[in-house]
Amino acid sequence: MGYVGLPLAVAFAAEGHDVVAVDVDRRKVDALRRGESYIEDVSDASLAAVAGRIEATPRFASLARCEAVLICVPTPLTPNREPDLGMLVGASRELAGVMQSGQLVVLESTTYPGTTRDRVAPILSESGFVAGEDFNLAFSPERVDPGRTDFTMRTTPKVVGGLTQACGDRAEALYREVCDTVVRVSTPEAAELCKLLENIFRSVNIALVNELAMLCDRMDIDIWEVVDAAATKPYGFMRFDPGPGMGGHCLPVDPFYLSWRAREFDMATEFIELAGKINQQMPYHCVAKVERLLNDASKPVRGSKIAVLGVSYKAGVGDVRESPGLKIVTLLHALGAELRYHDAFVPELPELGLRSASLDEALADADLALIVTAHPGVDHDAAVARVPLALDLRGVTRRSGKAALL
Ligand SMILES: NC(=O)c1ccc[n+]([C@@H]2O[C@H](COP(=O)([O-])OP(=O)(O)OC[C@H]3O[C@@H](n4cnc5c(N)ncnc54)[C@H](O)[C@@H]3O)[C@@H](O)[C@H]2O)c1
């Protein structure tokens, strides 16, 4: 019942289906029972509209009554950057204990090709039922983009790959309830890799423009002007903006699922590793730029008051997972800066002992304002005009020219 599961539950309930919403996190179950959403894209009003049709529970036993079960648990990396399928294995085991013949199970968690067939199917078969015979099994990647409003679950095509033709047919029929377009591929592996291709594509292109941003910094060329100009090409170019690095649960994590898997096939996926390396350098580049700006004003970082605007990994959401903003705050803190941050979407950063200040409080007496994430509702031009120095890592003030740019 996270960023992926909750919107799906609401979508199916809104189509009139009864939904069992299972999560091991009691706080989420309790919040859902109170009708309170904890995901930006799901309003309390949309939960209220389907109140009688979503049964939130920590008990897997309730899944026995369901015709279809969608697995949307996290698939993170271990500290050594290897796939951590612990939660997927755990959820699959719990499901195997209560499964019924004739059910459809679809894995939505992002993972390497082969997971559905080689890892999930054997665990579910511990139920005594055979995948593809006694129950249907498929993989369908999630394309939710938190904060996005121009494409919805209904208007975003859904890719589906079944273990058998019948598995795919059944999963396709299920998703047609909530998606206008279902795209069939022949296997779960093709669907698994499709998701990774989408995310690797973004990761590599973000890294490319970030590397150019670092080069432009040295060459004294405005990267934003270059990107704006390149984006006028009507074909063969797709715009990616530079920024402080990659965050969120997907882009910094998913590509490494494939590089791990590729090693079993004697392949080194160099684009993935290189993109990861460059994107990880970005927070260090941004902090070096802060140091230079302060240095030009004869100030050391130690003791300087820095107001950080936006710490989540992207505009309009409160997700701080893998956020480069956290890295930047940590690095500046280690250099002795006096930090305040303002982020209406992130009330506190407990691990850093910081609470979001109001914009006024954050900017009062600040030596430098640092725009890390440009949330809607903040007048960034006005904000940077109030402080002696400003660095804009998102290019949102580039027209006014009131801040230094990444
Ligand atoms: N967030 C996104 O934008 C996004 C987009 C596409 C794909 N994905 C993928 O979808 C999957 C889920 O991501 P998310 O962002 O929704 O994660 P999330 O952390 O928001 O939600 C996952 C939920 O699973 C629960 N959970 C953990 N272990 C469990 C278990 N054994 N049984 C039942 N519930 C369990 C957690 O408590 C949590 O509420 C991941 O594989 C992710 O890569 C995420």
# chains A, B, ... in the order shown; residues from 1 in each chain; ligands from 1
>>> select_by_dssp(residues="range 42-230 of chain A", states="strand (DSSP E or B)", output="ChimeraX atom specification")
/A:54-57,68-71,77,83,104-107,131,135-139,158-162,182-185
>>> write_last_selection(atoms="N, CA and C atoms", output="PDB file, in the first residue's frame")
ATOM      1  N   ILE A  54     -12.692  -0.561   0.183  1.00  0.00           N
ATOM      2  CA  ILE A  54     -11.302  -0.942   0.470  1.00  0.00           C
ATOM      3  C   ILE A  54     -11.214  -1.433   1.903  1.00  0.00           C
ATOM      4  N   GLU A  55     -10.784  -2.686   2.050  1.00  0.00           N
ATOM      5  CA  GLU A  55     -10.613  -3.254   3.401  1.00  0.00           C
ATOM      6  C   GLU A  55      -9.121  -3.292   3.695  1.00  0.00           C
ATOM      7  N   ALA A  56      -8.647  -2.374   4.539  1.00  0.00           N
ATOM      8  CA  ALA A  56      -7.221  -2.345   4.870  1.00  0.00           C
ATOM      9  C   ALA A  56      -6.959  -3.327   6.005  1.00  0.00           C
ATOM     10  N   THR A  57      -5.909  -4.127   5.842  1.00  0.00           N
ATOM     11  CA  THR A  57      -5.634  -5.164   6.843  1.00  0.00           C
ATOM     12  C   THR A  57      -4.159  -5.573   6.820  1.00  0.00           C
ATOM     13  N   ALA A  68      -7.890 -11.638  -7.859  1.00  0.00           N
ATOM     14  CA  ALA A  68      -6.571 -11.217  -8.348  1.00  0.00           C
ATOM     15  C   ALA A  68      -5.784 -10.617  -7.200  1.00  0.00           C
ATOM     16  N   VAL A  69      -4.484 -10.891  -7.184  1.00  0.00           N
ATOM     17  CA  VAL A  69      -3.592 -10.333  -6.152  1.00  0.00           C
ATOM     18  C   VAL A  69      -2.439  -9.628  -6.861  1.00  0.00           C
ATOM     19  N   LEU A  70      -2.250  -8.344  -6.561  1.00  0.00           N
ATOM     20  CA  LEU A  70      -1.158  -7.578  -7.163  1.00  0.00           C
ATOM     21  C   LEU A  70      -0.093  -7.349  -6.097  1.00  0.00           C
ATOM     22  N   ILE A  71       1.140  -7.702  -6.411  1.00  0.00           N
ATOM     23  CA  ILE A  71       2.234  -7.546  -5.440  1.00  0.00           C
ATOM     24  C   ILE A  71       3.015  -6.279  -5.780  1.00  0.00           C
ATOM     25  N   LEU A  77      17.984  -2.143  -2.980  1.00  0.00           N
ATOM     26  CA  LEU A  77      19.306  -2.755  -3.109  1.00  0.00           C
ATOM     27  C   LEU A  77      19.858  -3.031  -1.722  1.00  0.00           C
ATOM     28  N   PRO A  83      20.481  -6.750  -5.723  1.00  0.00           N
ATOM     29  CA  PRO A  83      19.034  -6.802  -5.515  1.00  0.00           C
ATOM     30  C   PRO A  83      18.683  -7.394  -4.151  1.00  0.00           C
ATOM     31  N   LEU A 104      -5.425 -15.066  -9.925  1.00  0.00           N
ATOM     32  CA  LEU A 104      -4.440 -14.403 -10.784  1.00  0.00           C
ATOM     33  C   LEU A 104      -3.497 -13.625  -9.874  1.00  0.00           C
ATOM     34  N   VAL A 105      -2.192 -13.838 -10.046  1.00  0.00           N
ATOM     35  CA  VAL A 105      -1.208 -13.073  -9.273  1.00  0.00           C
ATOM     36  C   VAL A 105      -0.374 -12.264 -10.264  1.00  0.00           C
ATOM     37  N   VAL A 106      -0.241 -10.962 -10.008  1.00  0.00           N
ATOM     38  CA  VAL A 106       0.582 -10.115 -10.877  1.00  0.00           C
ATOM     39  C   VAL A 106       1.619  -9.412 -10.023  1.00  0.00           C
ATOM     40  N   LEU A 107       2.879  -9.527 -10.462  1.00  0.00           N
ATOM     41  CA  LEU A 107       3.954  -8.792  -9.793  1.00  0.00           C
ATOM     42  C   LEU A 107       4.097  -7.436 -10.465  1.00  0.00           C
ATOM     43  N   ALA A 131       2.010 -22.854 -11.033  1.00  0.00           N
ATOM     44  CA  ALA A 131       1.878 -21.589 -11.771  1.00  0.00           C
ATOM     45  C   ALA A 131       1.585 -21.874 -13.234  1.00  0.00           C
ATOM     46  N   PHE A 135      -3.022 -21.655 -11.184  1.00  0.00           N
ATOM     47  CA  PHE A 135      -3.256 -20.206 -11.019  1.00  0.00           C
ATOM     48  C   PHE A 135      -2.496 -19.459 -12.110  1.00  0.00           C
ATOM     49  N   ASN A 136      -2.928 -18.245 -12.376  1.00  0.00           N
ATOM     50  CA  ASN A 136      -2.298 -17.427 -13.412  1.00  0.00           C
ATOM     51  C   ASN A 136      -1.262 -16.504 -12.781  1.00  0.00           C
ATOM     52  N   LEU A 137      -0.179 -16.295 -13.510  1.00  0.00           N
ATOM     53  CA  LEU A 137       0.899 -15.453 -13.000  1.00  0.00           C
ATOM     54  C   LEU A 137       1.403 -14.553 -14.124  1.00  0.00           C
ATOM     55  N   ALA A 138       1.600 -13.278 -13.813  1.00  0.00           N
ATOM     56  CA  ALA A 138       2.070 -12.330 -14.832  1.00  0.00           C
ATOM     57  C   ALA A 138       2.917 -11.256 -14.170  1.00  0.00           C
ATOM     58  N   PHE A 139       3.642 -10.528 -15.015  1.00  0.00           N
ATOM     59  CA  PHE A 139       4.364  -9.339 -14.548  1.00  0.00           C
ATOM     60  C   PHE A 139       3.813  -8.135 -15.305  1.00  0.00           C
ATOM     61  N   LYS A 158      -0.398   0.246 -20.116  1.00  0.00           N
ATOM     62  CA  LYS A 158       0.115  -0.714 -19.117  1.00  0.00           C
ATOM     63  C   LYS A 158       0.665  -1.921 -19.865  1.00  0.00           C
ATOM     64  N   VAL A 159       1.924  -2.249 -19.617  1.00  0.00           N
ATOM     65  CA  VAL A 159       2.570  -3.398 -20.265  1.00  0.00           C
ATOM     66  C   VAL A 159       2.317  -4.647 -19.426  1.00  0.00           C
ATOM     67  N   VAL A 160       1.981  -5.753 -20.089  1.00  0.00           N
ATOM     68  CA  VAL A 160       1.658  -6.986 -19.378  1.00  0.00           C
ATOM     69  C   VAL A 160       2.332  -8.164 -20.074  1.00  0.00           C
ATOM     70  N   GLY A 161       3.005  -9.013 -19.300  1.00  0.00           N
ATOM     71  CA  GLY A 161       3.569 -10.251 -19.847  1.00  0.00           C
ATOM     72  C   GLY A 161       3.203 -11.420 -18.954  1.00  0.00           C
ATOM     73  N   GLY A 162       2.508 -12.413 -19.493  1.00  0.00           N
ATOM     74  CA  GLY A 162       2.058 -13.555 -18.691  1.00  0.00           C
ATOM     75  C   GLY A 162       2.982 -14.744 -18.833  1.00  0.00           C
ATOM     76  N   VAL A 182      -3.774  -1.524 -22.881  1.00  0.00           N
ATOM     77  CA  VAL A 182      -2.910  -2.558 -22.308  1.00  0.00           C
ATOM     78  C   VAL A 182      -2.024  -3.077 -23.438  1.00  0.00           C
ATOM     79  N   VAL A 183      -0.714  -3.098 -23.186  1.00  0.00           N
ATOM     80  CA  VAL A 183       0.252  -3.518 -24.196  1.00  0.00           C
ATOM     81  C   VAL A 183       0.742  -4.907 -23.820  1.00  0.00           C
ATOM     82  N   ARG A 184       0.474  -5.882 -24.671  1.00  0.00           N
ATOM     83  CA  ARG A 184       0.884  -7.252 -24.360  1.00  0.00           C
ATOM     84  C   ARG A 184       2.281  -7.530 -24.871  1.00  0.00           C
ATOM     85  N   VAL A 185       3.121  -8.126 -24.030  1.00  0.00           N
ATOM     86  CA  VAL A 185       4.378  -8.699 -24.496  1.00  0.00           C
ATOM     87  C   VAL A 185       4.311 -10.194 -24.212  1.00  0.00           C
TER      88      VAL A 185
END
>>> residues_near_ligand(ligand="ligand 1", cutoff="9 Å", atoms="only C-alpha atoms and all ligand atoms", output="ChimeraX atom specification")
/A:1-6,22-29,39,58,60,71-76,86-95,108-111,141-146,195,248-251,253-254,319
>>> residues_around(residues="range 97-102 of chain A", least_positions_apart="5", cutoff="6 Å", atoms="only C-alpha atoms", output="list in words")
Ala61, Ala64, Asp134 and Phe135 of chain A
>>> write_last_selection(atoms="all heavy atoms", output="mmCIF file, in the first residue's frame")
data_model
loop_
_atom_site.group_PDB
_atom_site.id
_atom_site.type_symbol
_atom_site.label_atom_id
_atom_site.label_comp_id
_atom_site.auth_asym_id
_atom_site.auth_seq_id
_atom_site.Cartn_x
_atom_site.Cartn_y
_atom_site.Cartn_z
ATOM 1 N N ALA A 61 -4.430 -13.458 5.191
ATOM 2 C CA ALA A 61 -5.506 -14.451 5.044
ATOM 3 C C ALA A 61 -6.653 -13.895 4.202
ATOM 4 O O ALA A 61 -7.296 -14.631 3.440
ATOM 5 C CB ALA A 61 -6.002 -14.863 6.426
ATOM 6 N N ALA A 64 -7.262 -14.678 0.437
ATOM 7 C CA ALA A 64 -7.850 -15.927 -0.060
ATOM 8 C C ALA A 64 -9.160 -15.664 -0.798
ATOM 9 O O ALA A 64 -9.549 -16.432 -1.678
ATOM 10 C CB ALA A 64 -8.077 -16.889 1.118
ATOM 11 N N ASP A 134 -2.665 -24.115 -12.250
ATOM 12 C CA ASP A 134 -3.703 -23.956 -11.221
ATOM 13 C C ASP A 134 -3.980 -22.486 -10.907
ATOM 14 O O ASP A 134 -5.014 -22.156 -10.348
ATOM 15 C CB ASP A 134 -3.273 -24.659 -9.933
ATOM 16 C CG ASP A 134 -2.979 -26.128 -10.185
ATOM 17 O OD1 ASP A 134 -3.752 -26.751 -10.920
ATOM 18 O OD2 ASP A 134 -1.961 -26.626 -9.668
ATOM 19 N N PHE A 135 -3.022 -21.655 -11.184
ATOM 20 C CA PHE A 135 -3.256 -20.206 -11.019
ATOM 21 C C PHE A 135 -2.496 -19.459 -12.110
ATOM 22 O O PHE A 135 -1.573 -20.007 -12.724
ATOM 23 C CB PHE A 135 -2.834 -19.715 -9.620
ATOM 24 C CG PHE A 135 -1.362 -19.780 -9.334
ATOM 25 C CD1 PHE A 135 -0.555 -18.660 -9.547
ATOM 26 C CD2 PHE A 135 -0.764 -20.947 -8.852
ATOM 27 C CE1 PHE A 135 0.811 -18.709 -9.283
ATOM 28 C CE2 PHE A 135 0.595 -21.001 -8.584
ATOM 29 C CZ PHE A 135 1.383 -19.877 -8.807
#
>>> residues_around(residues="Ser358 in chain A", least_positions_apart="4", cutoff="9 Å", atoms="only C-alpha atoms", output="PDB file with all heavy atoms, in the first residue's frame")
ATOM      1  N   TYR A 341      16.221  24.708   6.349  1.00  0.00           N
ATOM      2  CA  TYR A 341      15.605  24.361   5.069  1.00  0.00           C
ATOM      3  C   TYR A 341      14.122  24.686   5.092  1.00  0.00           C
ATOM      4  O   TYR A 341      13.489  24.743   6.158  1.00  0.00           O
ATOM      5  CB  TYR A 341      15.861  22.892   4.707  1.00  0.00           C
ATOM      6  CG  TYR A 341      14.909  21.881   5.323  1.00  0.00           C
ATOM      7  CD1 TYR A 341      13.745  21.495   4.647  1.00  0.00           C
ATOM      8  CD2 TYR A 341      15.157  21.316   6.561  1.00  0.00           C
ATOM      9  CE1 TYR A 341      12.873  20.563   5.207  1.00  0.00           C
ATOM     10  CE2 TYR A 341      14.289  20.384   7.121  1.00  0.00           C
ATOM     11  CZ  TYR A 341      13.152  20.017   6.439  1.00  0.00           C
ATOM     12  OH  TYR A 341      12.285  19.104   6.980  1.00  0.00           O
ATOM     13  N   HIS A 342      13.618  24.926   3.899  1.00  0.00           N
ATOM     14  CA  HIS A 342      12.173  25.118   3.753  1.00  0.00           C
ATOM     15  C   HIS A 342      11.670  24.139   2.709  1.00  0.00           C
ATOM     16  O   HIS A 342      12.163  24.114   1.574  1.00  0.00           O
ATOM     17  CB  HIS A 342      11.856  26.548   3.297  1.00  0.00           C
ATOM     18  CG  HIS A 342      10.424  26.692   2.885  1.00  0.00           C
ATOM     19  ND1 HIS A 342       9.393  26.670   3.800  1.00  0.00           N
ATOM     20  CD2 HIS A 342       9.840  26.799   1.665  1.00  0.00           C
ATOM     21  CE1 HIS A 342       8.242  26.782   3.155  1.00  0.00           C
ATOM     22  NE2 HIS A 342       8.486  26.857   1.861  1.00  0.00           N
ATOM     23  N   ASP A 343      10.737  23.284   3.112  1.00  0.00           N
ATOM     24  CA  ASP A 343      10.112  22.351   2.166  1.00  0.00           C
ATOM     25  C   ASP A 343       8.739  22.021   2.715  1.00  0.00           C
ATOM     26  O   ASP A 343       8.615  21.273   3.693  1.00  0.00           O
ATOM     27  CB  ASP A 343      10.963  21.077   2.012  1.00  0.00           C
ATOM     28  CG  ASP A 343      10.472  20.202   0.856  1.00  0.00           C
ATOM     29  OD1 ASP A 343       9.237  20.112   0.674  1.00  0.00           O
ATOM     30  OD2 ASP A 343      11.315  19.614   0.149  1.00  0.00           O
ATOM     31  N   ALA A 344       7.706  22.586   2.088  1.00  0.00           N
ATOM     32  CA  ALA A 344       6.343  22.394   2.580  1.00  0.00           C
ATOM     33  C   ALA A 344       5.918  20.925   2.493  1.00  0.00           C
ATOM     34  O   ALA A 344       4.989  20.497   3.172  1.00  0.00           O
ATOM     35  CB  ALA A 344       5.381  23.270   1.779  1.00  0.00           C
ATOM     36  N   ALA A 362      13.565  30.709   6.997  1.00  0.00           N
ATOM     37  CA  ALA A 362      14.730  30.108   6.335  1.00  0.00           C
ATOM     38  C   ALA A 362      15.603  31.190   5.699  1.00  0.00           C
ATOM     39  O   ALA A 362      16.833  31.106   5.732  1.00  0.00           O
ATOM     40  CB  ALA A 362      14.279  29.089   5.289  1.00  0.00           C
ATOM     41  N   LEU A 363      14.963  32.216   5.129  1.00  0.00           N
ATOM     42  CA  LEU A 363      15.737  33.228   4.396  1.00  0.00           C
ATOM     43  C   LEU A 363      16.285  34.334   5.292  1.00  0.00           C
ATOM     44  O   LEU A 363      17.240  35.028   4.911  1.00  0.00           O
ATOM     45  CB  LEU A 363      14.865  33.854   3.298  1.00  0.00           C
ATOM     46  CG  LEU A 363      14.465  32.919   2.149  1.00  0.00           C
ATOM     47  CD1 LEU A 363      13.470  33.606   1.222  1.00  0.00           C
ATOM     48  CD2 LEU A 363      15.690  32.468   1.350  1.00  0.00           C
TER      49      LEU A 363
END
>>> closest_atom_pairs(of="range 260-342 of chain A", to="range 199-222 of chain A", cutoff="7 Å", atoms="only C-alpha atoms", output="JSON lines")
{"residue": "A:Phe271", "atom": "CA", "partner": "A:Val204", "partner_atom": "CA", "distance": 6.8}
{"residue": "A:Ile272", "atom": "CA", "partner": "A:Ile200", "partner_atom": "CA", "distance": 6.7}
{"residue": "A:Ala275", "atom": "CA", "partner": "A:Ala207", "partner_atom": "CA", "distance": 5.0}
{"residue": "A:Ile278", "atom": "CA", "partner": "A:Ala207", "partner_atom": "CA", "distance": 5.8}
{"residue": "A:Asn279", "atom": "CA", "partner": "A:Ala207", "partner_atom": "CA", "distance": 5.5}
>>> atom_distance(atom1="CA of Gly310 in chain A", atom2="CA of Val372 in chain A")
5.4 Å
>>> atom_distance(atom1="CA of Pro324 in chain A", atom2="CA of Thr156 in chain A")
27.8 Å
>>> residues_around(residues="Ala315 in chain A", least_positions_apart="5", cutoff="12 Å", atoms="only C-alpha atoms", output="list in words")
Glu40, Asp145, Pro146, Gly147, Arg148, Gly243, Gly247, Gly248, Leu309, Gly310, Val320, Ser323, Gly325, Asp343, Ala344, Phe345, Val346, Ile371, Val372, Thr373, Ala374, His375, Pro376, Gly377, Val378, Arg394 and Val396 of chain A
>>> write_last_selection(atoms="N, CA, C and O atoms", output="compact mmCIF listing (two decimals), in the first residue's frame")
# COMPACT_ATOMS: atom_id res chain seq x y z
N GLU A 40 0.73 11.67 -1.79
CA GLU A 40 0.26 12.96 -2.34
C GLU A 40 -0.78 12.78 -3.44
O GLU A 40 -1.73 13.54 -3.53
N ASP A 145 4.16 8.04 -11.85
CA ASP A 145 5.17 9.08 -11.72
C ASP A 145 4.63 10.06 -10.70
O ASP A 145 3.83 10.94 -11.04
N PRO A 146 5.01 9.89 -9.43
CA PRO A 146 4.38 10.70 -8.38
C PRO A 146 4.40 12.19 -8.70
O PRO A 146 5.42 12.72 -9.13
N GLY A 147 3.28 12.83 -8.52
CA GLY A 147 3.18 14.26 -8.76
C GLY A 147 2.69 14.61 -10.16
O GLY A 147 2.30 15.73 -10.43
N ARG A 148 2.72 13.63 -11.09
CA ARG A 148 2.34 13.94 -12.47
C ARG A 148 0.82 13.96 -12.60
O ARG A 148 0.13 13.10 -12.07
N GLY A 243 20.56 18.81 -13.04
CA GLY A 243 20.05 19.00 -11.68
C GLY A 243 21.05 18.47 -10.67
O GLY A 243 22.17 18.08 -11.03
N GLY A 247 17.20 11.06 -7.64
CA GLY A 247 16.65 10.56 -6.38
C GLY A 247 15.43 9.71 -6.62
O GLY A 247 15.13 9.31 -7.74
N GLY A 248 14.74 9.44 -5.53
CA GLY A 248 13.54 8.61 -5.61
C GLY A 248 13.89 7.15 -5.43
O GLY A 248 15.05 6.77 -5.28
N LEU A 309 16.25 25.45 -0.16
CA LEU A 309 14.84 25.45 -0.56
C LEU A 309 14.55 24.15 -1.31
O LEU A 309 15.06 23.91 -2.40
N GLY A 310 13.71 23.29 -0.69
CA GLY A 310 13.34 22.02 -1.31
C GLY A 310 14.36 20.94 -1.02
O GLY A 310 15.54 21.10 -1.35
N VAL A 320 11.76 11.71 0.11
CA VAL A 320 13.19 12.06 0.24
C VAL A 320 14.10 10.85 0.02
O VAL A 320 15.31 10.95 0.22
N SER A 323 17.25 11.15 -2.04
CA SER A 323 17.24 12.52 -2.57
C SER A 323 18.63 13.14 -2.51
O SER A 323 19.29 13.12 -1.46
N GLY A 325 19.17 16.09 -2.31
CA GLY A 325 19.04 17.17 -1.33
C GLY A 325 19.60 16.75 0.03
O GLY A 325 20.27 17.54 0.71
N ASP A 343 10.74 23.28 3.11
CA ASP A 343 10.11 22.35 2.17
C ASP A 343 8.74 22.02 2.72
O ASP A 343 8.61 21.27 3.69
N ALA A 344 7.71 22.59 2.09
CA ALA A 344 6.34 22.39 2.58
C ALA A 344 5.92 20.92 2.49
O ALA A 344 4.99 20.50 3.17
N PHE A 345 6.63 20.14 1.66
CA PHE A 345 6.27 18.73 1.49
C PHE A 345 7.02 17.82 2.46
O PHE A 345 6.71 16.65 2.58
N VAL A 346 8.07 18.35 3.10
CA VAL A 346 8.90 17.53 4.00
C VAL A 346 9.00 18.26 5.34
O VAL A 346 9.92 19.06 5.55
N ILE A 371 18.61 26.65 -4.11
CA ILE A 371 17.39 25.98 -4.60
C ILE A 371 17.78 24.58 -5.03
O ILE A 371 18.46 24.39 -6.04
N VAL A 372 17.37 23.59 -4.24
CA VAL A 372 17.68 22.19 -4.57
C VAL A 372 16.50 21.57 -5.31
O VAL A 372 16.66 20.87 -6.30
N THR A 373 15.29 21.84 -4.83
CA THR A 373 14.09 21.33 -5.48
C THR A 373 13.08 22.47 -5.55
O THR A 373 12.76 23.08 -4.52
N ALA A 374 12.62 22.75 -6.75
CA ALA A 374 11.76 23.93 -6.95
C ALA A 374 10.30 23.52 -6.86
O ALA A 374 9.65 23.22 -7.86
N HIS A 375 9.77 23.51 -5.63
CA HIS A 375 8.37 23.11 -5.45
C HIS A 375 7.42 24.17 -6.00
O HIS A 375 7.73 25.37 -5.95
N PRO A 376 6.25 23.73 -6.46
CA PRO A 376 5.24 24.70 -6.86
C PRO A 376 4.81 25.52 -5.64
O PRO A 376 4.91 25.04 -4.51
N GLY A 377 4.36 26.73 -5.88
CA GLY A 377 3.84 27.55 -4.79
C GLY A 377 4.91 28.42 -4.14
O GLY A 377 4.60 29.21 -3.26
N VAL A 378 6.18 28.27 -4.56
CA VAL A 378 7.24 29.12 -3.99
C VAL A 378 7.66 30.11 -5.08
O VAL A 378 7.92 29.71 -6.21
N ARG A 394 18.10 24.22 -10.26
CA ARG A 394 17.02 23.75 -11.14
C ARG A 394 16.73 24.69 -12.30
O ARG A 394 15.81 24.45 -13.07
N VAL A 396 15.24 27.51 -12.33
CA VAL A 396 13.92 28.15 -12.34
C VAL A 396 14.01 29.68 -12.30
O VAL A 396 13.04 30.35 -12.61
>>> residues_around(residues="Ser259 in chain A", least_positions_apart="4", cutoff="9 Å", atoms="only C-alpha atoms", output="VMD selection string")
chain A and resid 112 255 263 267 to 270 272 to 273
>>> closest_residue(among="A:Lys233, A:Glu322, A:Glu192, A:Asp228", to="Pro252 in chain A", atoms="only C-alpha atoms")
A:Glu322
>>> residues_around(residues="Arg340 in chain A", least_positions_apart="4", cutoff="10 Å", atoms="only C-alpha atoms", output="ChimeraX atom specification")
/A:305-309,329,354-359,361-364,366,369
>>> closest_residue(among="A:Glu82, A:Asp381, A:Asp44, A:Glu67", to="Ala262 in chain A", atoms="only C-alpha atoms")
A:Glu82
